[in-house]
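Shown here: structure.csv, CSV, C-alpha atoms.
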```csv
chain,number,residue,atom,x,y,z
H,20,MET,CA,-35.3,3.5,4.1
H,21,ASP,CA,-32.5,1.6,2.4
H,22,HIS,CA,-29.8,3.9,3.9
H,23,VAL,CA,-31.0,2.9,7.3
H,24,LEU,CA,-30.5,-0.8,6.4
H,25,LEU,CA,-27.0,-0.1,5.2
H,26,GLU,CA,-26.1,1.8,8.4
H,27,ASN,CA,-27.4,-1.1,10.4
H,28,LEU,CA,-25.2,-3.4,8.4
H,29,PHE,CA,-22.2,-1.2,9.2
H,30,HIS,CA,-23.0,-1.1,12.9
H,31,ARG,CA,-23.3,-4.9,13.0
H,32,ALA,CA,-19.9,-5.2,11.3
H,33,VAL,CA,-18.4,-2.9,13.9
H,34,ALA,CA,-20.1,-4.8,16.8
H,35,GLN,CA,-18.6,-8.1,15.5
H,36,ALA,CA,-15.1,-6.5,15.8
H,37,GLN,CA,-15.4,-5.1,19.3
H,38,PRO,CA,-12.4,-6.1,21.5
H,39,ALA,CA,-14.7,-6.9,24.4
H,40,LEU,CA,-16.0,-9.9,22.4
H,41,ALA,CA,-12.7,-10.9,20.9
H,42,VAL,CA,-10.1,-10.5,23.7
H,43,GLU,CA,-11.6,-13.1,26.1
H,44,ARG,CA,-11.4,-15.9,23.5
H,45,HIS,CA,-7.7,-15.4,22.9
H,46,LEU,CA,-6.1,-15.0,26.4
H,47,PRO,CA,-2.7,-16.6,26.6
H,48,PRO,CA,-1.7,-18.9,29.6
H,49,VAL,CA,-0.9,-17.1,32.8
H,50,PRO,CA,2.9,-17.0,33.2
H,51,LYS,CA,5.0,-17.9,36.2
H,52,GLY,CA,6.4,-14.4,36.2
H,53,ARG,CA,5.1,-10.9,35.5
H,54,THR,CA,2.5,-10.0,32.9
H,55,ILE,CA,3.2,-6.7,31.1
H,56,VAL,CA,0.7,-5.3,28.6
H,57,ILE,CA,1.9,-3.1,25.8
H,58,GLY,CA,0.1,-1.9,22.7
H,59,ALA,CA,-0.7,0.7,20.1
H,60,GLY,CA,-3.6,1.5,17.7
H,61,LYS,CA,-7.0,2.9,17.4
H,62,ALA,CA,-8.5,0.0,19.2
H,63,SER,CA,-5.8,-0.5,21.8
H,64,ALA,CA,-7.5,1.2,24.7
H,65,GLN,CA,-10.6,-0.8,24.3
H,66,MET,CA,-8.5,-4.0,24.0
H,67,ALA,CA,-6.7,-3.0,27.2
H,68,ARG,CA,-9.9,-2.5,29.1
H,69,ALA,CA,-11.2,-5.9,27.9
H,70,PHE,CA,-7.9,-7.6,28.9
H,71,GLU,CA,-8.1,-6.1,32.4
H,72,GLN,CA,-11.7,-7.4,32.7
H,73,PHE,CA,-10.9,-11.0,31.8
H,74,TRP,CA,-7.2,-11.5,32.9
H,75,PRO,CA,-7.1,-13.7,36.0
H,76,GLY,CA,-3.8,-12.5,37.3
H,77,GLU,CA,-1.8,-9.4,38.1
H,78,VAL,CA,-1.1,-7.1,35.2
H,79,SER,CA,0.4,-3.7,34.5
H,80,GLY,CA,1.4,-1.9,31.3
H,81,LEU,CA,1.1,0.9,28.8
H,82,VAL,CA,-0.8,1.3,25.5
H,83,VAL,CA,-1.0,4.2,23.0
H,84,THR,CA,-4.1,5.2,21.2
H,85,ARG,CA,-5.3,8.1,19.0
H,86,TYR,CA,-6.4,11.4,20.6
H,87,GLY,CA,-10.1,11.0,21.6
H,88,TYR,CA,-9.9,7.2,21.7
H,89,ALA,CA,-8.9,6.6,25.3
H,90,GLU,CA,-10.8,4.3,27.7
H,91,ALA,CA,-10.6,4.2,31.5
H,92,CYS,CA,-8.4,1.4,32.8
H,93,GLU,CA,-7.4,0.6,36.3
H,94,ARG,CA,-4.0,-1.1,35.9
H,95,ILE,CA,-2.9,-0.4,32.3
H,96,GLU,CA,-1.9,3.2,31.5
H,97,ILE,CA,-3.6,4.7,28.4
H,98,VAL,CA,-1.8,7.5,26.6
H,99,GLU,CA,-2.9,9.4,23.5
H,100,ALA,CA,-0.9,10.5,20.5
H,101,ALA,CA,-1.4,11.8,17.0
H,102,HIS,CA,-2.6,9.9,13.9
H,103,PRO,CA,-2.0,9.8,11.0
H,104,VAL,CA,1.1,12.0,11.4
H,105,PRO,CA,3.1,11.3,14.5
H,106,ASP,CA,3.8,13.8,17.3
H,107,ALA,CA,6.0,14.3,20.4
H,108,ALA,CA,3.5,12.5,22.6
H,109,GLY,CA,3.9,9.3,20.5
H,110,LEU,CA,7.7,9.7,20.5
H,111,GLU,CA,7.7,9.8,24.3
H,112,ALA,CA,5.2,6.8,24.5
H,113,ALA,CA,7.4,4.7,22.2
H,114,ALA,CA,10.4,5.3,24.3
H,115,ARG,CA,8.5,4.4,27.5
H,116,LEU,CA,7.3,1.2,25.9
H,117,MET,CA,10.8,0.2,25.1
H,118,GLN,CA,11.9,0.9,28.6
H,119,LEU,CA,9.0,-0.9,30.1
H,120,VAL,CA,10.0,-4.2,28.4
H,121,SER,CA,13.7,-4.1,29.2
H,122,GLY,CA,15.1,-6.4,31.8
H,123,LEU,CA,12.4,-9.1,31.6
H,124,ASN,CA,13.2,-12.8,32.1
H,125,GLU,CA,12.0,-16.0,30.4
H,126,ASP,CA,9.2,-16.5,33.0
H,127,ASP,CA,7.6,-13.1,32.1
H,128,LEU,CA,4.8,-12.6,29.6
H,129,VAL,CA,4.4,-9.5,27.4
H,130,VAL,CA,0.9,-9.2,25.8
H,131,ALA,CA,0.9,-6.9,22.8
H,132,LEU,CA,-2.4,-5.4,21.9
H,133,ILE,CA,-2.0,-4.2,18.3
H,134,SER,CA,-4.5,-2.6,16.0
H,135,GLY,CA,-4.4,-0.3,12.9
H,136,GLY,CA,-3.0,3.2,13.4
H,137,GLY,CA,-0.1,2.0,15.5
H,138,SER,CA,2.4,2.9,12.9
H,139,SER,CA,2.0,6.7,13.5
H,140,LEU,CA,1.3,6.3,17.2
H,141,LEU,CA,4.8,4.7,17.8
H,142,PRO,CA,7.3,7.0,16.2
H,143,ALA,CA,10.8,5.9,17.1
H,144,PRO,CA,13.3,7.3,14.6
H,145,ALA,CA,16.3,5.3,13.6
H,146,PRO,CA,19.8,6.7,14.5
H,147,GLY,CA,20.5,9.9,12.5
H,148,LEU,CA,16.8,10.7,12.1
H,149,ASN,CA,14.5,12.8,14.3
H,150,LEU,CA,10.7,13.2,14.7
H,151,GLU,CA,10.5,15.8,11.9
H,152,ASP,CA,12.0,13.3,9.6
H,153,GLU,CA,9.5,10.6,10.6
H,154,GLN,CA,6.7,13.1,10.1
H,155,ALA,CA,7.9,13.9,6.6
H,156,ILE,CA,8.2,10.2,5.8
H,157,ASN,CA,4.6,9.6,6.9
H,158,ARG,CA,3.3,12.5,4.9
H,159,ALA,CA,5.2,11.3,1.8
H,160,LEU,CA,3.8,7.8,2.2
H,161,LEU,CA,0.2,9.1,2.8
H,162,ALA,CA,0.3,11.1,-0.4
H,163,SER,CA,1.9,8.4,-2.5
H,164,GLY,CA,-1.0,6.1,-3.1
H,165,ALA,CA,1.1,3.2,-2.0
H,166,PRO,CA,-0.7,0.1,-0.6
H,167,ILE,CA,-0.3,-0.6,3.1
H,168,GLY,CA,2.2,-3.4,2.7
H,169,VAL,CA,4.5,-1.1,0.8
H,170,MET,CA,4.1,1.7,3.3
H,171,ASN,CA,4.9,-0.5,6.2
H,172,LEU,CA,8.0,-2.1,4.7
H,173,ILE,CA,9.4,1.4,4.0
H,174,ARG,CA,8.4,2.7,7.5
H,175,ASN,CA,10.2,-0.2,9.1
H,176,GLN,CA,13.5,0.9,7.6
H,177,PHE,CA,13.4,4.2,9.6
H,178,SER,CA,12.3,2.9,13.0
H,179,THR,CA,13.8,1.4,16.1
H,180,ILE,CA,10.5,-0.2,17.3
H,181,LYS,CA,8.7,-1.5,14.2
H,182,GLY,CA,9.4,-4.6,12.2
H,183,GLY,CA,9.7,-6.9,15.3
H,184,ARG,CA,12.1,-4.7,17.1
H,185,LEU,CA,9.8,-4.2,20.1
H,186,ALA,CA,9.4,-8.0,20.5
H,187,ALA,CA,13.2,-8.3,20.3
H,188,ALA,CA,13.5,-5.8,23.1
H,189,CYS,CA,11.2,-8.1,25.2
H,190,ALA,CA,13.5,-11.1,25.0
H,191,PRO,CA,13.9,-13.5,26.7
H,192,ALA,CA,10.3,-12.9,27.8
H,193,ARG,CA,7.5,-14.6,25.8
H,194,VAL,CA,5.4,-12.2,23.6
H,195,ALA,CA,1.7,-13.0,22.8
H,196,SER,CA,0.4,-10.6,20.2
H,197,LEU,CA,-3.4,-10.1,20.0
H,198,ILE,CA,-4.2,-8.2,16.8
H,199,VAL,CA,-7.2,-6.4,15.4
H,200,SER,CA,-6.5,-6.5,11.7
H,201,ASP,CA,-7.1,-3.6,9.4
H,202,VAL,CA,-5.0,-4.8,6.5
H,203,PRO,CA,-6.1,-6.7,3.4
H,204,GLY,CA,-5.4,-10.4,3.7
H,205,ASP,CA,-4.9,-10.1,7.5
H,206,ASP,CA,-1.1,-10.5,7.5
H,207,PRO,CA,-0.4,-9.7,11.2
H,208,ALA,CA,3.1,-8.4,10.4
H,209,LEU,CA,1.5,-5.5,8.4
H,210,VAL,CA,-0.8,-4.3,11.2
H,211,ALA,CA,0.7,-1.2,12.8
H,212,SER,CA,4.0,-2.0,10.9
H,213,GLY,CA,4.4,-5.1,13.0
H,214,PRO,CA,6.2,-3.9,16.2
H,215,THR,CA,6.2,-7.4,17.5
H,216,LEU,CA,6.4,-9.3,14.3
H,217,PRO,CA,9.1,-9.4,11.5
H,218,LEU,CA,8.0,-8.3,8.1
H,219,ALA,CA,9.2,-10.2,5.0
H,220,GLY,CA,11.2,-8.0,2.5
H,221,GLY,CA,14.6,-6.5,3.0
H,222,ARG,CA,16.3,-3.1,2.6
H,223,ALA,CA,16.9,-3.6,-1.2
H,224,LYS,CA,13.1,-4.2,-1.8
H,225,ALA,CA,12.3,-1.1,0.3
H,226,ARG,CA,14.7,1.0,-1.8
H,227,ARG,CA,13.1,-0.3,-5.0
H,228,LEU,CA,9.6,0.4,-3.8
H,229,ALA,CA,10.5,3.9,-2.5
H,230,GLY,CA,11.8,4.7,-6.0
H,231,LEU,CA,8.8,3.2,-7.7
H,232,HIS,CA,6.4,5.4,-5.8
H,233,ARG,CA,8.7,8.4,-6.2
H,234,LEU,CA,8.8,9.2,-2.5
H,235,ASP,CA,10.2,12.6,-1.5
H,236,LEU,CA,12.1,11.5,1.5
H,237,PRO,CA,14.2,13.7,3.9
H,238,HIS,CA,18.0,13.6,3.2
H,239,ALA,CA,18.8,11.7,6.3
H,240,ALA,CA,16.1,9.0,5.4
H,241,SER,CA,17.4,8.7,1.9
H,242,LYS,CA,21.0,8.3,3.2
H,243,LEU,CA,19.9,5.5,5.7
H,244,LEU,CA,17.9,3.7,3.0
H,245,ALA,CA,20.9,3.7,0.7
H,246,GLY,CA,23.0,1.7,3.3
H,247,ASP,CA,22.6,-1.3,5.5
H,248,ASP,CA,22.4,0.2,9.0
H,249,ASN,CA,19.4,-0.3,11.4
H,250,LEU,CA,18.3,-3.6,9.8
H,251,PRO,CA,15.3,-5.2,11.6
H,252,PRO,CA,15.5,-8.8,13.0
H,253,GLY,CA,14.9,-11.5,10.4
H,254,ILE,CA,11.9,-13.8,10.3
H,255,ASP,CA,14.0,-16.8,11.5
H,256,ASP,CA,15.6,-14.8,14.4
H,257,LYS,CA,15.5,-16.9,17.6
H,258,VAL,CA,14.0,-14.0,19.6
H,259,PHE,CA,10.6,-14.9,18.0
H,260,ALA,CA,10.8,-18.6,18.7
H,261,ARG,CA,8.6,-18.7,21.8
H,262,ASN,CA,6.1,-16.0,20.7
H,263,SER,CA,2.5,-16.4,19.6
H,264,VAL,CA,0.1,-14.3,17.5
H,265,ALA,CA,-3.6,-14.3,17.1
H,266,ILE,CA,-5.9,-12.3,14.8
H,267,ILE,CA,-8.8,-11.6,17.1
H,268,ALA,CA,-10.9,-9.5,14.8
H,269,SER,CA,-10.9,-8.8,11.1
H,270,ALA,CA,-12.8,-7.5,8.1
H,271,ALA,CA,-13.7,-11.1,7.0
H,272,LEU,CA,-15.5,-11.8,10.3
H,273,SER,CA,-17.3,-8.4,10.2
H,274,LEU,CA,-18.5,-8.8,6.6
H,275,ASP,CA,-19.9,-12.2,7.5
H,276,ALA,CA,-21.9,-10.6,10.3
H,277,ALA,CA,-23.2,-7.9,8.1
H,278,ALA,CA,-24.2,-10.4,5.4
H,279,ALA,CA,-26.2,-12.4,8.0
H,280,LEU,CA,-28.1,-9.3,9.1
H,281,ALA,CA,-28.9,-8.4,5.5
H,282,ARG,CA,-30.4,-11.9,5.0
H,283,GLU,CA,-32.4,-11.5,8.1
H,284,ASN,CA,-33.9,-8.4,6.4
H,285,GLY,CA,-34.8,-10.3,3.3
H,286,VAL,CA,-31.9,-9.2,1.2
H,287,GLU,CA,-29.3,-11.6,-0.3
H,288,ALA,CA,-25.7,-10.5,0.4
H,289,ALA,CA,-22.7,-11.1,-1.8
H,290,ILE,CA,-19.3,-10.6,-0.2
H,291,LEU,CA,-17.0,-9.5,-3.0
H,292,SER,CA,-13.8,-9.5,-1.0
H,293,ASP,CA,-12.4,-8.5,2.4
H,294,ALA,CA,-9.0,-7.5,0.8
H,295,ILE,CA,-9.7,-5.0,-1.9
H,296,GLU,CA,-6.9,-2.5,-2.6
H,297,GLY,CA,-6.2,0.1,-5.3
H,298,GLU,CA,-7.1,3.7,-6.0
H,299,ALA,CA,-10.4,4.5,-4.3
H,300,ARG,CA,-11.8,6.3,-7.3
H,301,ASP,CA,-11.0,3.3,-9.6
H,302,VAL,CA,-12.3,0.7,-7.2
H,303,ALA,CA,-15.6,2.7,-7.2
H,304,LEU,CA,-15.9,2.4,-11.0
H,305,VAL,CA,-15.6,-1.4,-10.8
H,306,HIS,CA,-18.3,-1.5,-8.0
H,307,ALA,CA,-20.5,0.9,-10.0
H,308,ALA,CA,-20.2,-1.2,-13.2
H,309,MET,CA,-21.3,-4.3,-11.2
H,310,ALA,CA,-24.3,-2.4,-9.6
H,311,ARG,CA,-25.4,-1.2,-13.0
H,312,GLU,CA,-25.2,-4.7,-14.5
H,313,ILE,CA,-27.4,-6.1,-11.7
H,314,ALA,CA,-29.8,-3.2,-12.0
H,315,ALA,CA,-30.2,-3.6,-15.7
H,316,ARG,CA,-29.7,-7.3,-16.3
H,317,ASN,CA,-30.1,-9.1,-13.0
H,318,ARG,CA,-26.6,-10.5,-13.2
H,319,PRO,CA,-24.2,-11.7,-11.8
H,320,PHE,CA,-26.5,-11.6,-8.8
H,321,SER,CA,-30.3,-11.3,-8.7
H,322,LYS,CA,-32.1,-8.4,-7.1
H,323,PRO,CA,-32.5,-7.5,-4.3
H,324,VAL,CA,-28.9,-7.9,-3.3
H,325,VAL,CA,-26.3,-6.0,-1.2
H,326,LEU,CA,-22.7,-6.1,-2.4
H,327,LEU,CA,-20.3,-6.1,0.6
H,328,SER,CA,-16.6,-5.5,0.5
H,329,GLY,CA,-13.7,-4.5,2.7
H,330,GLY,CA,-10.0,-3.9,2.5
H,331,GLU,CA,-8.0,-0.7,2.2
H,332,THR,CA,-8.1,1.5,-0.9
H,333,THR,CA,-5.6,4.4,-1.4
H,334,VAL,CA,-5.8,8.0,-2.5
H,335,THR,CA,-3.1,9.6,-4.5
H,336,LEU,CA,-3.3,13.3,-3.6
H,337,ARG,CA,-3.9,15.5,-6.6
H,338,GLY,CA,-5.7,18.4,-5.0
H,339,LYS,CA,-6.0,20.2,-1.7
H,340,GLY,CA,-9.6,19.3,-0.7
H,341,ARG,CA,-10.9,17.4,2.3
H,342,GLY,CA,-11.8,13.8,2.7
H,343,GLY,CA,-10.6,10.2,3.2
H,344,ARG,CA,-10.5,7.2,1.0
H,345,ASN,CA,-14.1,6.2,1.7
H,346,GLY,CA,-15.4,9.6,0.7
H,347,GLU,CA,-13.3,9.5,-2.5
H,348,PHE,CA,-14.7,6.0,-3.3
H,349,LEU,CA,-18.2,7.3,-2.8
H,350,LEU,CA,-17.8,10.5,-4.8
H,351,SER,CA,-16.5,8.5,-7.7
H,352,LEU,CA,-19.4,6.0,-7.2
H,353,ALA,CA,-21.9,8.9,-7.1
H,354,ILE,CA,-20.7,10.2,-10.5
H,355,ALA,CA,-20.8,6.7,-12.0
H,356,LEU,CA,-24.3,6.0,-10.7
H,357,ASP,CA,-25.8,9.4,-11.6
H,358,GLY,CA,-29.4,8.9,-12.5
H,359,ILE,CA,-29.5,5.1,-11.7
H,360,ALA,CA,-32.6,4.3,-9.7
H,361,ASN,CA,-33.0,1.8,-6.9
H,362,VAL,CA,-29.3,1.8,-5.9
H,363,THR,CA,-28.0,3.0,-2.6
H,364,ALA,CA,-24.6,2.8,-1.0
H,365,LEU,CA,-22.6,3.4,2.1
H,366,ALA,CA,-18.9,3.3,2.7
H,367,ALA,CA,-17.2,4.0,6.0
H,368,ASP,CA,-14.0,3.3,8.0
H,369,THR,CA,-14.9,0.9,10.8
H,370,ASP,CA,-12.9,3.1,13.3
H,371,GLY,CA,-15.3,5.9,12.8
H,372,ILE,CA,-12.9,8.3,11.1
H,373,ASP,CA,-12.4,8.5,7.4
H,374,GLY,CA,-8.8,9.8,6.9
H,375,SER,CA,-8.3,12.8,9.2
H,376,GLU,CA,-11.9,14.2,9.1
H,377,ASP,CA,-14.7,13.8,11.6
H,378,ASN,CA,-16.9,11.5,9.5
H,379,ALA,CA,-16.8,7.8,9.2
H,380,GLY,CA,-17.9,8.0,5.5
H,381,ALA,CA,-20.9,9.0,3.5
H,382,ARG,CA,-24.1,7.8,1.8
H,383,VAL,CA,-24.8,7.7,-1.9
H,384,ASP,CA,-27.8,7.0,-4.3
H,385,GLY,CA,-28.6,7.8,-7.9
H,386,THR,CA,-29.6,11.3,-7.0
H,387,SER,CA,-26.4,12.3,-5.2
H,388,ALA,CA,-24.5,13.8,-8.1
H,389,ARG,CA,-27.6,15.8,-9.2
H,390,ARG,CA,-28.1,17.1,-5.7
H,391,MET,CA,-24.4,18.2,-5.5
H,392,ARG,CA,-24.8,20.2,-8.7
H,393,GLU,CA,-28.0,21.8,-7.3
H,394,ALA,CA,-26.0,22.7,-4.2
H,395,GLY,CA,-23.4,24.4,-6.3
H,396,ILE,CA,-20.8,21.6,-6.2
H,397,ASP,CA,-19.4,20.1,-9.5
H,398,PRO,CA,-18.8,16.5,-8.5
H,399,GLN,CA,-16.1,16.0,-11.2
H,400,ALA,CA,-14.2,19.1,-10.0
H,401,ALA,CA,-14.6,18.0,-6.4
H,402,LEU,CA,-13.1,14.5,-7.2
H,403,ALA,CA,-10.2,16.1,-9.1
H,404,ASN,CA,-9.5,18.2,-6.0
H,405,ASN,CA,-9.8,15.3,-3.5
H,406,ASP,CA,-12.7,17.2,-1.9
H,407,ALA,CA,-15.3,14.5,-1.2
H,408,TYR,CA,-15.9,15.8,2.3
H,409,SER,CA,-17.2,19.2,1.0
H,410,ALA,CA,-19.3,17.5,-1.7
H,411,PHE,CA,-21.2,15.3,0.8
H,412,ALA,CA,-21.4,17.9,3.4
H,413,ALA,CA,-23.2,20.1,0.9
H,414,ILE,CA,-26.0,17.5,0.5
H,415,ASP,CA,-26.0,16.5,4.1
H,416,ASP,CA,-25.0,12.9,3.4
H,417,LEU,CA,-21.9,12.6,5.6
H,418,PHE,CA,-22.1,9.5,7.8
H,419,MET,CA,-21.0,10.4,11.4
H,420,THR,CA,-20.4,7.8,14.1
H,421,GLY,CA,-17.5,9.1,16.3
H,422,PRO,CA,-14.8,6.6,17.4
H,423,THR,CA,-16.2,3.1,17.4
H,424,GLY,CA,-13.6,1.4,19.6
H,425,THR,CA,-12.3,-0.9,16.9
H,426,ASN,CA,-10.6,-0.8,13.5
H,427,VAL,CA,-11.0,-3.5,10.8
H,428,ASN,CA,-10.6,-1.1,7.9
H,429,ASP,CA,-13.1,-0.1,5.3
H,430,PHE,CA,-16.7,-1.2,5.0
H,431,ARG,CA,-18.6,-0.9,1.7
H,432,ALA,CA,-22.2,-1.8,1.0
H,433,ILE,CA,-24.2,-1.2,-2.2
H,434,LEU,CA,-27.8,-2.2,-2.2
H,435,ILE,CA,-29.6,-2.9,-5.5
H,436,ARG,CA,-33.4,-3.3,-5.4
```
Render the structure in this file as structure tokens.
Amino acid sequence: MDHVLLENLFHRAVAQAQPALAVERHLPPVPKGRTIVIGAGKASAQMARAFEQFWPGEVSGLVVTRYGYAEACERIEIVEAAHPVPDAAGLEAAARLMQLVSGLNEDDLVVALISGGGSSLLPAPAPGLNLEDEQAINRALLASGAPIGVMNLIRNQFSTIKGGRLAAACAPARVASLIVSDVPGDDPALVASGPTLPLAGGRAKARRLAGLHRLDLPHAASKLLAGDDNLPPGIDDKVFARNSVAIIASAALSLDAAAALARENGVEAAILSDAIEGEARDVALVHAAMAREIAARNRPFSKPVVLLSGGETTVTLRGKGRGGRNGEFLLSLAIALDGIANVTALAADTDGIDGSEDNAGARVDGTSARRMREAGIDPQAALANNDAYSAFAAIDDLFMTGPTGTNVNDFRAILIR
């Protein structure tokens, strides 16, 4: 079955991004002094376990991951916190991380294991703000439809740990950041809002973007944004001079691996981009138009072919349904491909969780919209209500994987026979 092939492509992409494969190739030199491991993200526990396995010297540390994503480590402590809206466990963990890296010297090494999801896992409100303010900021950003770069620039203004502040707290120790990238374009400063890396763009830009996206911010946050307090360290700050950064896994590498598997199965693969952004429902219309063109006219690619893409789409909340950005993409795709034969698709988050639901994504073909209607679901109404989860659950086409141990963002595959 074609859906099985697409699921196998997804699993190959995820396997390529597993920390156990990537961490060993990017170990920094052993320091004269102590080695402290810190980290945050959906893949951070798996990264910590791999680091313990391959590191030749003594090590201790603390990393924060999402509830349900922990792995057993012997020397590095793993704690869990909430994602995508931060909680008190994350607040305590962020404070402990800052305390852990205080008082180091220039012979010490801090290894930062950073992956997507770290923004909400490390809440550290700026002076004058509290956890409730940071939760409200996160909810406003998640509902805004803003791209990840905009979200992280704005988040940085309200934190005492993001935007390179954690690395600044490590000085004069050297910081080596190992990053599993979940952001389009793989800018390491955007992953998890860059706790160890400065992000380009100042307070004035953040104010402009917050206004452009009409963010409903708490009063204390609006007041801070209007001034010049709590500014992050700049890109040229000397505290970053000895530090290093490596992207150890990314969507680009995972899509290459999936394409190779497709070709092994006799299907040509076309990688459209690993950095696609925009409204999920609109991105789906572009993908659907290309699939219909191939199905009808054998252009711009010849059948059989699988279209692969990655990146991070967004969803502007209009209704009160359930589902993440991959489900929304697929529901829009199902409507646009209604009745089109010989086209199948799968889209899923490589961390195994689409948004805040229990599915990684879903499956689609030319019969999906019809089957939804037969099950009593109006696909157009479900899309208007952001209720992709219920629509795909009704036709038993949710794609469930559980936590995968990594996170290189969205995976989309459309097969045209």
Two-atom distance - atom CA of Lys322 of chain H, atom CA of Ile414 of chain H (Å): 27.7 Å
Nearby residues (all atoms listed in the file) at most 12 Å from Ala195 of chain H, same-chain spacing under 2 positions excluded, as a PyMOL selection string: chain H and resi 45-50+54-58+127-133+186+189+192-193+197-198+215-216+259-266
Export of the given selection (C-alpha atoms) as a tab-separated table (two decimals), in the coordinates of the input:
```
chain	number	residue	atom	x	y	z
H	45	HIS	CA	-7.70	-15.40	22.90
H	46	LEU	CA	-6.10	-15.00	26.40
H	47	PRO	CA	-2.70	-16.60	26.60
H	48	PRO	CA	-1.70	-18.90	29.60
H	49	VAL	CA	-0.90	-17.10	32.80
H	50	PRO	CA	2.90	-17.00	33.20
H	54	THR	CA	2.50	-10.00	32.90
H	55	ILE	CA	3.20	-6.70	31.10
H	56	VAL	CA	0.70	-5.30	28.60
H	57	ILE	CA	1.90	-3.10	25.80
H	58	GLY	CA	0.10	-1.90	22.70
H	127	ASP	CA	7.60	-13.10	32.10
H	128	LEU	CA	4.80	-12.60	29.60
H	129	VAL	CA	4.40	-9.50	27.40
H	130	VAL	CA	0.90	-9.20	25.80
H	131	ALA	CA	0.90	-6.90	22.80
H	132	LEU	CA	-2.40	-5.40	21.90
H	133	ILE	CA	-2.00	-4.20	18.30
H	186	ALA	CA	9.40	-8.00	20.50
H	189	CYS	CA	11.20	-8.10	25.20
H	192	ALA	CA	10.30	-12.90	27.80
H	193	ARG	CA	7.50	-14.60	25.80
H	197	LEU	CA	-3.40	-10.10	20.00
H	198	ILE	CA	-4.20	-8.20	16.80
H	215	THR	CA	6.20	-7.40	17.50
H	216	LEU	CA	6.40	-9.30	14.30
H	259	PHE	CA	10.60	-14.90	18.00
H	260	ALA	CA	10.80	-18.60	18.70
H	261	ARG	CA	8.60	-18.70	21.80
H	262	ASN	CA	6.10	-16.00	20.70
H	263	SER	CA	2.50	-16.40	19.60
H	264	VAL	CA	0.10	-14.30	17.50
H	265	ALA	CA	-3.60	-14.30	17.10
H	266	ILE	CA	-5.90	-12.30	14.80
```
Computed interatomic separation between atom CA of Ala108 of chain H and atom CA of Gly380 of chain H (Å):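 Calculated distance between atom CA of Ala108 of chain H and atom CA of Gly380 of chain H is 27.8 Å.
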Sel. within 6 Å of pt (12.8, -10.9, 29.4), counting all atoms listed in the file, output as a list of chain:residue names: H:Gly122, H:Leu123, H:Asn124, H:Glu125, H:Cys189, H:Ala190, H:Pro191, H:Ala192
Requested write-out: C-alpha atoms of the selected residues, as a compact mmCIF listing (two decimals), in the frame of the given file:
```txt
# COMPACT_ATOMS: atom_id res chain seq x y z
CA GLY H 122 15.10 -6.40 31.80
CA LEU H 123 12.40 -9.10 31.60
CA ASN H 124 13.20 -12.80 32.10
CA GLU H 125 12.00 -16.00 30.40
CA CYS H 189 11.20 -8.10 25.20
CA ALA H 190 13.50 -11.10 25.00
CA PRO H 191 13.90 -13.50 26.70
CA ALA H 192 10.30 -12.90 27.80
```
For atom CA of Asp206 of chain H and atom CA of Ile156 of chain H, the interatomic separation in Å (one decimal):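 Result for atom CA of Asp206 of chain H versus atom CA of Ile156 of chain H: 22.8 Å, one decimal.
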Ala268 of chain H environment, 10 Å, all atoms listed in the file, sequence neighbours closer than 4 positions dropped, as a list in words: Gln35, Ala36, Gln37, Pro38, Leu40, Ala41, Val42, Ser134, Leu197, Ile198, Val199, Ser200, Asp201, Asp205, Leu272, Ser273, Thr425, Asn426 and Val427 of chain H
Residue contacts of Leu434 of chain H (8 Å, only C-alpha atoms) excluding same-chain residues fewer than 6 positions away, as an NGL selection string: :H and (21 or 25 or 323-326 or 362-364)
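When the distance limit is 9 Å and only C-alpha atoms are what count, the residues near Asn428 of chain H, minus those fewer than 4 positions from it on the same chain, are Gly135, Ser200, Asp201, Val202, Pro203, Ser269, Ala270, Gly329, Gly330, Glu331, Ala367, Asp368, Thr369 and Asp370 of chain H.
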Shell of 9 Å around Leu349 of chain H, all atoms listed in the file, local chain residues under 3 positions omitted, as a PyMOL selection string: chain H and resi 299-300+303+344-346+352-354+364-366+380-383+407
Minimum-distance residue to Ala289 of chain H, chosen among H:Ala432, H:Met117, H:Ala187, H:Ile396 (using all atoms listed in the file):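 Residue with the minimum atom-to-atom distance to Ala289 of chain H: H:Ala432.
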Best match for closeness to Ala403 of chain H among H:Arg158, H:Lys339, H:Arg436, H:Arg227, counting all atoms listed in the file: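 The shortest atom-to-atom distance to Ala403 of chain H comes from H:Lys339.
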Pick from H:Met170, H:Val78, H:Met419, H:Ala410 nearest to Glu376 of chain H, counting only C-alpha atoms: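 Using only C-alpha atoms, Glu376 of chain H sits closest to H:Met419.
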Top pick for closest residue to Ile167 of chain H, considering H:Ser387, H:Ser139, H:Ser241, H:Thr333 and counting all atoms listed in the file: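 Closest to Ile167 of chain H of all the choices is H:Thr333.
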Within 9 Å of (9.9, -10.2, 10.7), in the coordinates the file gives, what residues turn up when you count all atoms listed in the file, written out as a CSV table (one decimal) with C-alpha atoms, keeping the file's coordinate frame?
```
chain,number,residue,atom,x,y,z
H,182,GLY,CA,9.4,-4.6,12.2
H,183,GLY,CA,9.7,-6.9,15.3
H,184,ARG,CA,12.1,-4.7,17.1
H,208,ALA,CA,3.1,-8.4,10.4
H,213,GLY,CA,4.4,-5.1,13.0
H,215,THR,CA,6.2,-7.4,17.5
H,216,LEU,CA,6.4,-9.3,14.3
H,217,PRO,CA,9.1,-9.4,11.5
H,218,LEU,CA,8.0,-8.3,8.1
H,219,ALA,CA,9.2,-10.2,5.0
H,220,GLY,CA,11.2,-8.0,2.5
H,251,PRO,CA,15.3,-5.2,11.6
H,252,PRO,CA,15.5,-8.8,13.0
H,253,GLY,CA,14.9,-11.5,10.4
H,254,ILE,CA,11.9,-13.8,10.3
H,255,ASP,CA,14.0,-16.8,11.5
H,256,ASP,CA,15.6,-14.8,14.4
H,259,PHE,CA,10.6,-14.9,18.0
```
